$ cat run.cif   # mmCIF, C-alpha atoms
data_query
loop_
_atom_site.label_atom_id
_atom_site.label_comp_id
_atom_site.auth_asym_id
_atom_site.auth_seq_id
_atom_site.Cartn_x
_atom_site.Cartn_y
_atom_site.Cartn_z
CA MET A 1 -8.84 9.18 8.49
CA GLY A 2 -8.78 12.21 10.76
CA PHE A 3 -5.62 13.78 9.35
CA LEU A 4 -4.89 17.09 7.68
CA ALA A 5 -2.33 16.40 4.94
CA VAL A 6 -0.23 19.38 3.87
CA MET A 7 2.39 19.14 1.12
CA PRO A 8 4.65 22.18 0.72
CA VAL A 9 6.68 22.12 -2.49
CA ALA A 10 10.32 23.10 -2.46
CA THR A 11 11.67 25.79 -4.77
CA PRO A 12 13.08 24.18 -7.94
CA VAL A 13 16.80 24.64 -8.46
CA ASP A 14 19.31 23.30 -10.95
CA LYS A 15 19.66 19.52 -10.97
CA GLN A 16 22.88 19.66 -8.92
CA GLY A 17 21.34 21.60 -6.06
CA TRP A 18 19.21 20.81 -3.02
CA THR A 19 15.58 21.85 -3.20
CA TRP A 20 15.33 22.49 0.54
CA SER A 21 17.68 24.45 2.78
CA SER A 22 18.29 21.35 4.86
CA GLN A 23 21.83 21.73 6.20
CA ILE A 24 21.97 21.01 9.94
CA ASP A 25 23.07 24.43 11.14
CA ASP A 26 23.64 25.98 14.51
CA MET A 27 20.47 25.39 16.54
CA THR A 28 19.93 29.14 16.91
CA THR A 29 19.75 29.60 13.11
CA ARG A 30 16.55 28.54 11.34
CA SER A 31 16.62 28.33 7.56
CA THR A 32 13.90 30.04 5.54
CA ASP A 33 12.39 26.61 4.81
CA THR A 34 12.30 25.72 8.50
CA GLN A 35 10.60 29.06 9.17
CA LEU A 36 8.09 28.28 6.41
CA VAL A 37 7.19 24.90 7.92
CA LEU A 38 6.89 26.47 11.38
CA ALA A 39 4.49 29.07 9.97
CA ILE A 40 2.43 26.32 8.29
CA ILE A 41 2.18 24.34 11.53
CA ASP A 42 1.16 27.42 13.51
CA GLU A 43 -1.43 28.35 10.88
CA LEU A 44 -2.98 24.87 10.86
CA VAL A 45 -3.13 24.72 14.64
CA ALA A 46 -4.56 28.23 15.00
CA ASN A 47 -7.10 28.17 12.17
CA ASN A 48 -7.70 24.61 10.96
CA GLN A 49 -8.23 22.60 14.16
CA ALA A 50 -4.94 20.72 13.81
CA ASP A 51 -3.88 18.96 17.03
CA PRO A 52 -0.59 20.54 18.18
CA ASP A 53 0.33 17.28 19.92
CA ARG A 54 0.01 15.21 16.74
CA VAL A 55 2.15 16.94 14.10
CA TYR A 56 4.10 14.52 11.91
CA VAL A 57 6.45 14.91 8.96
CA VAL A 58 6.97 12.52 6.05
CA GLY A 59 9.77 13.17 3.56
CA PHE A 60 11.33 11.41 0.59
CA SER A 61 14.96 11.95 -0.50
CA ALA A 62 15.71 15.69 -0.13
CA GLY A 63 12.39 15.92 1.71
CA ALA A 64 13.63 13.34 4.23
CA ILE A 65 16.83 15.33 4.68
CA MET A 66 14.69 18.40 5.33
CA GLY A 67 12.56 16.35 7.72
CA TYR A 68 15.63 15.57 9.80
CA GLN A 69 16.42 19.27 10.04
CA LEU A 70 12.86 19.93 11.21
CA ALA A 71 13.14 17.15 13.80
CA CYS A 72 16.36 18.75 15.04
CA GLN A 73 15.04 22.30 15.15
CA LEU A 74 11.29 22.00 15.77
CA SER A 75 11.11 19.15 18.28
CA ASP A 76 8.71 21.24 20.36
CA LYS A 77 6.27 21.12 17.42
CA ILE A 78 6.93 17.81 15.64
CA LYS A 79 5.96 14.56 17.36
CA GLY A 80 7.22 12.12 14.73
CA PHE A 81 8.89 11.73 11.36
CA VAL A 82 9.01 9.10 8.60
CA ALA A 83 12.16 9.36 6.47
CA LEU A 84 12.20 7.66 3.06
CA SER A 85 15.54 7.36 1.22
CA GLY A 86 17.18 10.31 2.95
CA SER A 87 19.71 11.08 5.66
CA MET A 88 21.18 14.16 7.36
CA ARG A 89 23.40 16.88 5.91
CA GLY A 90 25.87 18.97 7.84
CA ASN A 91 27.48 18.56 11.24
CA LEU A 92 25.49 15.95 13.20
CA SER A 93 26.62 17.48 16.50
CA ASN A 94 24.60 20.58 15.58
CA CYS A 95 21.41 18.54 16.01
CA GLN A 96 20.45 19.14 19.63
CA PRO A 97 16.66 19.06 19.85
CA ALA A 98 14.97 20.02 23.09
CA TYR A 99 12.80 16.89 23.00
CA PRO A 100 13.07 13.37 21.56
CA VAL A 101 11.19 12.75 18.29
CA ALA A 102 9.65 9.47 17.10
CA ILE A 103 11.38 8.39 13.87
CA HIS A 104 10.92 5.55 11.40
CA HIS A 105 13.62 5.56 8.72
CA ILE A 106 13.09 3.45 5.55
CA HIS A 107 15.95 2.94 3.09
CA GLY A 108 16.91 0.62 0.25
CA SER A 109 20.16 -1.28 0.69
CA ALA A 110 21.06 -0.62 -2.97
CA ASP A 111 20.26 3.12 -2.97
CA SER A 112 22.98 4.76 -5.07
CA ASN A 113 21.55 8.31 -4.87
CA ILE A 114 21.81 8.49 -1.08
CA PRO A 115 23.78 5.39 -0.08
CA VAL A 116 23.10 3.73 3.26
CA ASN A 117 26.75 4.26 4.17
CA GLY A 118 26.65 7.95 3.24
CA GLY A 119 28.29 9.92 0.48
CA PRO A 120 29.32 13.45 -0.49
CA GLY A 121 27.40 15.82 1.74
CA VAL A 122 25.25 13.21 3.49
CA SER A 123 25.85 11.15 6.62
CA SER A 124 25.53 7.39 6.83
CA VAL A 125 22.14 6.09 7.91
CA PRO A 126 23.64 4.02 10.78
CA GLY A 127 25.51 7.11 11.98
CA VAL A 128 22.34 9.18 11.96
CA LEU A 129 20.30 6.53 13.78
CA ASN A 130 23.04 6.03 16.36
CA LEU A 131 22.98 9.78 17.05
CA TRP A 132 19.23 9.66 17.68
CA ALA A 133 19.45 6.43 19.69
CA ASP A 134 22.34 7.49 21.92
CA MET A 135 22.12 11.26 22.26
CA ILE A 136 18.51 12.26 21.60
CA ASN A 137 15.91 9.50 22.09
CA GLY A 138 17.81 7.88 24.96
CA CYS A 139 17.57 4.25 23.81
CA ASP A 140 19.10 1.47 25.88
CA GLY A 141 21.59 0.18 23.28
CA THR A 142 19.70 -2.96 22.29
CA VAL A 143 17.84 -3.57 19.03
CA SER A 144 15.04 -5.99 18.14
CA ASN A 145 14.59 -7.27 14.57
CA SER A 146 11.27 -8.05 12.92
CA ALA A 147 10.56 -10.98 10.65
CA GLU A 148 11.07 -10.30 6.95
CA PHE A 149 8.09 -8.75 5.20
CA SER A 150 7.31 -7.48 1.71
CA ILE A 151 7.14 -3.70 1.38
CA THR A 152 7.42 -3.04 -2.38
CA ASN A 153 5.29 -3.92 -5.39
CA ASN A 154 8.08 -6.12 -6.75
CA ALA A 155 8.22 -8.03 -3.46
CA ASN A 156 11.49 -6.64 -2.09
CA MET A 157 11.79 -8.01 1.42
CA ALA A 158 12.44 -5.75 4.38
CA VAL A 159 13.43 -6.08 8.02
CA THR A 160 12.64 -3.48 10.68
CA ASN A 161 15.12 -2.85 13.48
CA THR A 162 13.46 -1.38 16.57
CA TYR A 163 15.68 0.39 19.05
CA ASN A 164 14.63 -0.57 22.57
CA GLY A 165 14.07 1.49 25.71
CA CYS A 166 13.72 4.81 23.87
CA MET A 167 11.88 7.86 25.16
CA GLU A 168 10.32 8.05 21.67
CA THR A 169 10.07 5.34 19.00
CA LEU A 170 13.12 4.80 16.79
CA LYS A 171 12.90 2.27 13.94
CA TYR A 172 14.91 1.49 10.83
CA THR A 173 13.49 -0.54 7.95
CA GLN A 174 16.06 -1.63 5.39
CA VAL A 175 14.70 -2.89 2.07
CA ALA A 176 16.84 -5.65 0.58
CA ASN A 177 18.14 -4.63 -2.86
CA GLY A 178 15.89 -1.58 -2.75
CA ASP A 179 16.89 1.45 -4.80
CA HIS A 180 16.24 5.15 -4.29
CA PHE A 181 12.96 5.29 -6.22
CA GLN A 182 11.29 2.18 -4.89
CA SER A 183 7.74 1.30 -5.81
CA TYR A 184 6.28 0.83 -2.35
CA ASP A 185 3.21 -1.25 -1.62
CA ILE A 186 1.12 1.73 -0.50
CA SER A 187 -1.02 -0.27 1.92
CA VAL A 188 2.09 -1.53 3.73
CA LEU A 189 3.74 1.89 3.72
CA HIS A 190 0.57 3.51 5.06
CA GLN A 191 0.45 0.95 7.88
CA VAL A 192 4.07 1.74 8.78
CA MET A 193 3.15 5.41 8.99
CA ALA A 194 -0.05 4.74 10.94
CA ASP A 195 1.89 2.70 13.50
CA LEU A 196 4.19 5.67 14.15
CA PHE A 197 1.34 8.17 14.16
CA GLN A 198 -0.74 6.35 16.82
#
$ encode --input "run.cif" --output "structure tokens"
Amino acid sequence: MGFLAVMPVATPVDKQGWTWSSQIDDMTTRSTDTQLVLAIIDELVANNQADPDRVYVVGFSAGAIMGYQLACQLSDKIKGFVALSGSMRGNLSNCQPAYPVAIHHIHGSADSNIPVNGGPGVSSVPGVLNLWADMINGCDGTVSNSAEFSITNNANMAVTNTYNGCMETLKYTQVANGDHFQSYDISVLHQVMADLFQ
């Protein structure tokens, strides 16, 4: 398919901890995990023919939270990001990327691990998307809704909200009655990713 796929694995910690250092910190401070991802990107571009203008991140749960930190801190390197069942941690005002980043966020409406409306330590999904729409990707304040479509193997229906007039794509797919560990229809999920990665 013309992609290099690289999957770094976070350091295991106790079940109550985060596996990535994904707190949105001061923009001048890069966590060790952010530095690791930056080193991986630079290595792939320098030695493995990766296209520096087509670097994308996909993350699930804590990986999606980490992906948001990378989008905040490495916007000069990362073109786009697909977030599955995650959100942002820390002070949202600390996220001040130099460039807009294309984002497609996918979340189940019944996710109890990382609720859509936020919870201890994590921001609400609408709050996060509003930050990106208003302050970062420069959207025009209007949203278009897709028709319902099936995105999981048990036929959970989803609707995608597309923020209009953005400098980079911003989309939010909410899966009706979807939980944290959804069984996605891989062909549909791959098409969602491919659309962002064009």
$ atom_distance --input "run.cif" --atom1 "atom CA of Gln174 of chain A" --atom2 "atom CA of Ser109 of chain A"
6.2 Å
$ closest_atom_pairs --input "run.cif" --of "segment 127-164 of chain A" --to "segment 56-74 of chain A" --cutoff "12 Å" --atoms "all atoms listed in the file" --output "tab-separated table"
residue	atom	partner	partner_atom	distance
A:Val128	CA	A:Tyr68	CA	9.5
A:Leu129	CA	A:Tyr68	CA	10.9
A:Leu131	CA	A:Cys72	CA	11.3
A:Trp132	CA	A:Cys72	CA	9.9
A:Met135	CA	A:Cys72	CA	11.9
A:Ile136	CA	A:Cys72	CA	9.5
A:Asn137	CA	A:Ala71	CA	11.6
$ resolve_selection --input "run.cif" --expression "the PyMOL selection byres ((chain A and resi 159) around 8)" --output "MDAnalysis selection string"
chainID A and resid 145:149 157:158 160:161 173:175
$ resolve_selection --input "run.cif" --expression "the PyMOL selection byres ((chain A and resi 28-37) around 12)" --output "PyMOL selection string"
chain A and resi 6-11+18-27+38-44+55-57+63+65-75+77-78+94-97
$ resolve_selection --input "run.cif" --expression "the PyMOL selection byres ((chain A and resi 166) around 6)" --output "list in words"
Asn137, Gly138, Cys139, Asn164, Gly165, Met167 and Glu168 of chain A
$ atom_distance --input "run.cif" --atom1 "atom CA of Val122 of chain A" --atom2 "atom CA of Val192 of chain A"
24.7 Å
$ closest_residue --input "run.cif" --among "A:Ala110, A:Asn91, A:Lys79, A:Gly2" --to "Ala50 of chain A" --atoms "all atoms listed in the file"
A:Gly2
$ atom_distance --input "run.cif" --atom1 "atom CA of Asp134 of chain A" --atom2 "atom CA of Asn117 of chain A"
18.6 Å
$ closest_residue --input "run.cif" --among "A:Met88, A:Met1, A:Ala176, A:Ile103" --to "Leu196 of chain A" --atoms "all atoms listed in the file"
A:Ile103
$ closest_residue --input "run.cif" --among "A:Ala83, A:Ala5, A:Ala194, A:Ile186" --to "Lys171 of chain A" --atoms "all atoms listed in the file"
A:Ala83
$ closest_residue --input "run.cif" --among "A:Phe197, A:Tyr99, A:Tyr184, A:Phe3" --to "Val82 of chain A" --atoms "all atoms listed in the file"
A:Phe197
$ axis_aligned_box --input "run.cif" --around "segment 21-30 of chain A" --padding-each-side "4 Å" --output "AutoDock Vina command-line options"
--center_x 20.1 --center_y 25.3 --center_z 9.8 --size_x 15.1 --size_y 16.6 --size_z 22.1
$ closest_residue --input "run.cif" --among "A:Gln198, A:Asn177, A:Ser85, A:Gln182" --to "Ile114 of chain A" --atoms "only C-alpha atoms"
A:Ser85
$ closest_residue --input "run.cif" --among "A:Asp111, A:Thr142, A:Gly127, A:Asp185" --to "Ser93 of chain A" --atoms "all atoms listed in the file"
A:Gly127
